[in-house]
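> Take a look at the following structure, please.
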Amino acid sequence: MPKLSAGILLYRRSGDGLEVLIAHMGGPFWARKDARAWSIPKGEHTELETPLAAAEREFAEELGSPVPPGGEYLELGELRVSSGKRLTVFAREAEFDAEAITPGTFELEWPPRSGRFEAFPEVDRAEWMDVDTAAEKLVKGQVGFLGRLVEGLEGS
């Protein structure tokens, strides 16, 4: 059974069009990478938790703040990402101060096989980006959600 994951993709309309909030993944593996090193705030959950509840929980854990109030959620559906996880994403129009994040941390043996464990931030920064830029930055398996967001907004 594939692992389940869920996330929240915030969006806002600006003078230049549509912007989305994505986060640069933390830890030493991603530190010097930019293209394909960004993610929708998300995380794993079990079948006992609804995808929306998990997405809201993970947003708060990764960015240090609850999902801001805004419009109704737009369900962007599910995609199987490269890790094999089934990722469900919900979008919401809302404002969020990307510079004020206080990310959660995870522990990792670093350097590998050193016996030393260090805490690293789950994400090291978040930014609002236009959809085209976000499509270049997001890990490949999540890019499809951007098209679904644009289509969903055009249909509403």
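Labels for the structure tokens follow display order: chains A, B, ..., residues from 1 in each chain, ligands from 1.
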Tell me which protein, DNA and RNA residues are within 8 Å of region 23-33 of chain A, counting only C-alpha atoms, leaving out same-chain ones fewer than 6 positions away, and put them as a list in words.

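Final neighbour list, sorted by chain and number: Ser39, Ile40, Pro41, Phe120, Pro121, Glu122, Val123, Asp124, Arg125, Ala126 and Glu127 of chain A.
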
> One decimal, in Å: what's the spacing between CA of Thr50 (chain A) and CA of Phe106 (chain A)?

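Calculated distance between CA of Thr50 (chain A) and CA of Phe106 (chain A) is 23.3 Å.
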
> Excluding Glu118 (chain A) and its own-chain neighbours fewer than 6 positions away, which residues fall within 7 Å of it when counting only C-alpha atoms? Please give them as a list in words.

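Result of the neighbour search: Glu107, Leu108, Glu109 and Trp110 of chain A.
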
> Applying 8 Å and only C-alpha atoms, which residues near region 70-72 of chain A remain after dropping the ones on its own chain fewer than 4 positions away? List them as a list in words.

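The residues satisfying every condition are Arg92, Glu93, Ala94 and Glu95 of chain A.
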
> Would you save the residues of that selection, restricted to C-alpha atoms, as a compact mmCIF listing (two decimals), in the first residue's frame?


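Below is the file that was written, part35.txt:
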```txt
# COMPACT_ATOMS: atom_id res chain seq x y z
CA ARG A 92 -6.90 28.15 -0.85
CA GLU A 93 -6.76 31.81 -1.75
CA ALA A 94 -5.20 33.56 1.23
CA GLU A 95 -2.44 35.92 2.30
```

> I want to know what sits within 9 Å of Leu18 (chain A), based on only C-alpha atoms, with residues of the same chain fewer than 5 positions away left out; could you give that as an NGL selection string?

:A and (11-13 or 129-131 or 150)

> With a distance cut-off of 12 Å and only C-alpha atoms, select the neighbouring residues of Tyr73 (chain A), excluding the residue or stretch itself and same-chain residues fewer than 4 positions from it, and output the selection as number ranges by chain.

A: 7-11, 52, 55-56, 67-69, 77, 89-94, 149, 152-153

> Could you pull out the helix (DSSP H, G or I) residues of chain A from DSSP and send them as an NGL selection string?

:A and (51-63 or 98-100 or 131-137 or 140-142 or 144-154)

> Please save N, CA, C and O atoms of the selected residues as a short mmCIF file (atom, residue, chain, number, x, y, z; two decimals), in the first residue's frame.


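Generated output (selection-v3.cif):
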```cif
data_model
loop_
_atom_site.label_atom_id
_atom_site.label_comp_id
_atom_site.auth_asym_id
_atom_site.auth_seq_id
_atom_site.Cartn_x
_atom_site.Cartn_y
_atom_site.Cartn_z
N PRO A 51 -7.42 13.53 4.48
CA PRO A 51 -6.37 14.28 3.79
C PRO A 51 -6.38 15.77 4.14
O PRO A 51 -5.32 16.37 4.33
N LEU A 52 -7.55 16.39 4.27
CA LEU A 52 -7.60 17.82 4.59
C LEU A 52 -7.06 18.09 5.99
O LEU A 52 -6.28 19.03 6.18
N ALA A 53 -7.45 17.28 6.96
CA ALA A 53 -6.93 17.46 8.33
C ALA A 53 -5.41 17.30 8.34
O ALA A 53 -4.69 18.06 8.99
N ALA A 54 -4.90 16.32 7.61
CA ALA A 54 -3.46 16.09 7.54
C ALA A 54 -2.76 17.26 6.85
O ALA A 54 -1.71 17.72 7.31
N ALA A 55 -3.36 17.77 5.78
CA ALA A 55 -2.76 18.88 5.05
C ALA A 55 -2.67 20.12 5.95
O ALA A 55 -1.64 20.81 5.96
N GLU A 56 -3.72 20.40 6.69
CA GLU A 56 -3.70 21.55 7.60
C GLU A 56 -2.67 21.36 8.71
O GLU A 56 -1.93 22.29 9.06
N ARG A 57 -2.58 20.16 9.26
CA ARG A 57 -1.61 19.87 10.31
C ARG A 57 -0.19 20.03 9.78
O ARG A 57 0.66 20.65 10.41
N GLU A 58 0.07 19.47 8.61
CA GLU A 58 1.41 19.52 8.04
C GLU A 58 1.81 20.95 7.65
O GLU A 58 2.97 21.33 7.80
N PHE A 59 0.88 21.74 7.16
CA PHE A 59 1.18 23.14 6.85
C PHE A 59 1.68 23.84 8.11
O PHE A 59 2.71 24.52 8.09
N ALA A 60 0.96 23.65 9.22
CA ALA A 60 1.35 24.28 10.49
C ALA A 60 2.69 23.76 10.98
O ALA A 60 3.53 24.54 11.47
N GLU A 61 2.94 22.46 10.83
CA GLU A 61 4.22 21.90 11.28
C GLU A 61 5.38 22.41 10.43
O GLU A 61 6.43 22.74 10.96
N GLU A 62 5.20 22.46 9.12
CA GLU A 62 6.30 22.85 8.24
C GLU A 62 6.58 24.35 8.27
O GLU A 62 7.73 24.75 8.18
N LEU A 63 5.54 25.18 8.37
CA LEU A 63 5.73 26.62 8.28
C LEU A 63 5.60 27.35 9.62
O LEU A 63 5.91 28.53 9.71
N ALA A 98 5.39 35.01 4.00
CA ALA A 98 6.36 33.95 3.73
C ALA A 98 7.67 34.15 4.48
O ALA A 98 8.41 33.18 4.70
N GLU A 99 7.97 35.36 4.88
CA GLU A 99 9.22 35.62 5.58
C GLU A 99 9.14 35.33 7.08
O GLU A 99 10.16 35.32 7.76
N ALA A 100 7.95 35.06 7.57
CA ALA A 100 7.76 34.87 9.01
C ALA A 100 7.59 33.40 9.40
O ALA A 100 7.02 33.10 10.44
N VAL A 131 3.19 31.23 -11.25
CA VAL A 131 2.99 29.81 -11.57
C VAL A 131 4.10 29.26 -12.47
O VAL A 131 4.58 28.14 -12.26
N ASP A 132 4.56 30.04 -13.44
CA ASP A 132 5.61 29.55 -14.34
C ASP A 132 6.92 29.31 -13.60
O ASP A 132 7.60 28.32 -13.82
N THR A 133 7.29 30.24 -12.71
CA THR A 133 8.51 30.06 -11.92
C THR A 133 8.36 28.88 -10.98
O THR A 133 9.28 28.06 -10.85
N ALA A 134 7.21 28.77 -10.34
CA ALA A 134 6.97 27.63 -9.43
C ALA A 134 7.08 26.31 -10.18
O ALA A 134 7.60 25.33 -9.63
N ALA A 135 6.65 26.27 -11.43
CA ALA A 135 6.72 25.03 -12.21
C ALA A 135 8.17 24.61 -12.45
O ALA A 135 8.46 23.42 -12.59
N GLU A 136 9.09 25.56 -12.48
CA GLU A 136 10.51 25.25 -12.64
C GLU A 136 11.16 24.84 -11.33
O GLU A 136 12.16 24.13 -11.32
N LYS A 137 10.62 25.31 -10.21
CA LYS A 137 11.23 25.09 -8.90
C LYS A 137 10.70 23.85 -8.18
O LYS A 137 11.45 23.19 -7.46
N LYS A 140 9.39 17.58 -9.49
CA LYS A 140 8.64 17.25 -10.71
C LYS A 140 7.25 16.66 -10.46
O LYS A 140 6.29 17.00 -11.13
N GLY A 141 7.14 15.78 -9.48
CA GLY A 141 5.87 15.10 -9.23
C GLY A 141 4.75 16.00 -8.75
O GLY A 141 3.59 15.61 -8.74
N GLN A 142 5.07 17.24 -8.33
CA GLN A 142 4.05 18.16 -7.82
C GLN A 142 3.62 19.21 -8.84
O GLN A 142 2.63 19.90 -8.63
N GLY A 144 2.10 19.04 -11.61
CA GLY A 144 0.75 18.84 -12.13
C GLY A 144 -0.33 19.55 -11.34
O GLY A 144 -1.37 19.92 -11.89
N PHE A 145 -0.08 19.79 -10.05
CA PHE A 145 -1.07 20.50 -9.24
C PHE A 145 -1.22 21.96 -9.68
O PHE A 145 -2.29 22.55 -9.51
N LEU A 146 -0.16 22.54 -10.24
CA LEU A 146 -0.25 23.93 -10.71
C LEU A 146 -1.24 24.04 -11.87
O LEU A 146 -2.07 24.95 -11.90
N GLY A 147 -1.15 23.11 -12.81
CA GLY A 147 -2.10 23.10 -13.92
C GLY A 147 -3.52 22.89 -13.44
O GLY A 147 -4.46 23.53 -13.93
N ARG A 148 -3.68 22.01 -12.46
CA ARG A 148 -5.02 21.77 -11.91
C ARG A 148 -5.56 23.03 -11.22
O ARG A 148 -6.76 23.31 -11.31
N LEU A 149 -4.69 23.78 -10.55
CA LEU A 149 -5.12 25.01 -9.90
C LEU A 149 -5.59 26.01 -10.95
O LEU A 149 -6.69 26.58 -10.82
N VAL A 150 -4.79 26.23 -11.96
CA VAL A 150 -5.15 27.18 -13.01
C VAL A 150 -6.47 26.77 -13.68
O VAL A 150 -7.37 27.60 -13.85
N GLU A 151 -6.61 25.50 -14.01
CA GLU A 151 -7.85 25.01 -14.64
C GLU A 151 -9.04 25.19 -13.70
O GLU A 151 -10.11 25.60 -14.12
N GLY A 152 -8.84 24.87 -12.41
CA GLY A 152 -9.93 25.01 -11.45
C GLY A 152 -10.38 26.43 -11.27
O GLY A 152 -11.58 26.71 -11.11
N LEU A 153 -9.45 27.37 -11.30
CA LEU A 153 -9.81 28.77 -11.16
C LEU A 153 -10.47 29.33 -12.41
O LEU A 153 -11.36 30.17 -12.33
N GLU A 154 -10.04 28.84 -13.56
CA GLU A 154 -10.68 29.28 -14.82
C GLU A 154 -12.11 28.77 -14.91
O GLU A 154 -12.97 29.42 -15.48
#
```

> If I take CA of Ser5 (chain A) and CA of Phe117 (chain A), how far is one from the other in Å, to one decimal?

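Interatomic distance, CA of Ser5 (chain A) to CA of Phe117 (chain A): 25.5 Å.
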
> Hey, what does DSSP flag as strand (DSSP E or B) within chain A? Can you give it to me as a VMD selection string?

chain A and resid 4 to 14 17 to 25 38 to 39 42 to 45 74 to 80 86 to 93 105 to 109 117 to 121 123 to 130 138

> One decimal, in Å: what's the spacing between CA of Ala37 (chain A) and CA of Pro112 (chain A)?

20.3 Å

> Pick out the residues sitting within 7 Å of Glu78 (chain A), and hand them over as number ranges by chain; count only C-alpha atoms, and ignore anything fewer than 6 positions along from it in its own chain.

A: 86-89

> For the residues in that selection, give me N, CA, C and O atoms as a compact mmCIF listing (two decimals), in the first residue's frame.


```txt
# COMPACT_ATOMS: atom_id res chain seq x y z
N ARG A 86 0.98 8.70 -2.55
CA ARG A 86 -0.22 9.31 -3.12
C ARG A 86 -0.41 10.65 -2.43
O ARG A 86 -0.70 10.70 -1.24
N LEU A 87 -0.24 11.73 -3.17
CA LEU A 87 -0.31 13.08 -2.62
C LEU A 87 -1.61 13.74 -3.02
O LEU A 87 -1.92 13.84 -4.20
N THR A 88 -2.36 14.20 -2.02
CA THR A 88 -3.60 14.95 -2.23
C THR A 88 -3.34 16.40 -1.85
O THR A 88 -2.76 16.66 -0.80
N VAL A 89 -3.75 17.33 -2.71
CA VAL A 89 -3.49 18.74 -2.44
C VAL A 89 -4.79 19.54 -2.50
O VAL A 89 -5.65 19.31 -3.35
```

> For a quick check of understanding, using only C-alpha atoms, which of A:Gly17, A:Pro2, A:Gly104, A:Pro66 has the smallest distance to Leu79 (chain A)?

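Of A:Gly17, A:Pro2, A:Gly104, A:Pro66, the one nearest Leu79 (chain A) is A:Pro2, counting only C-alpha atoms.
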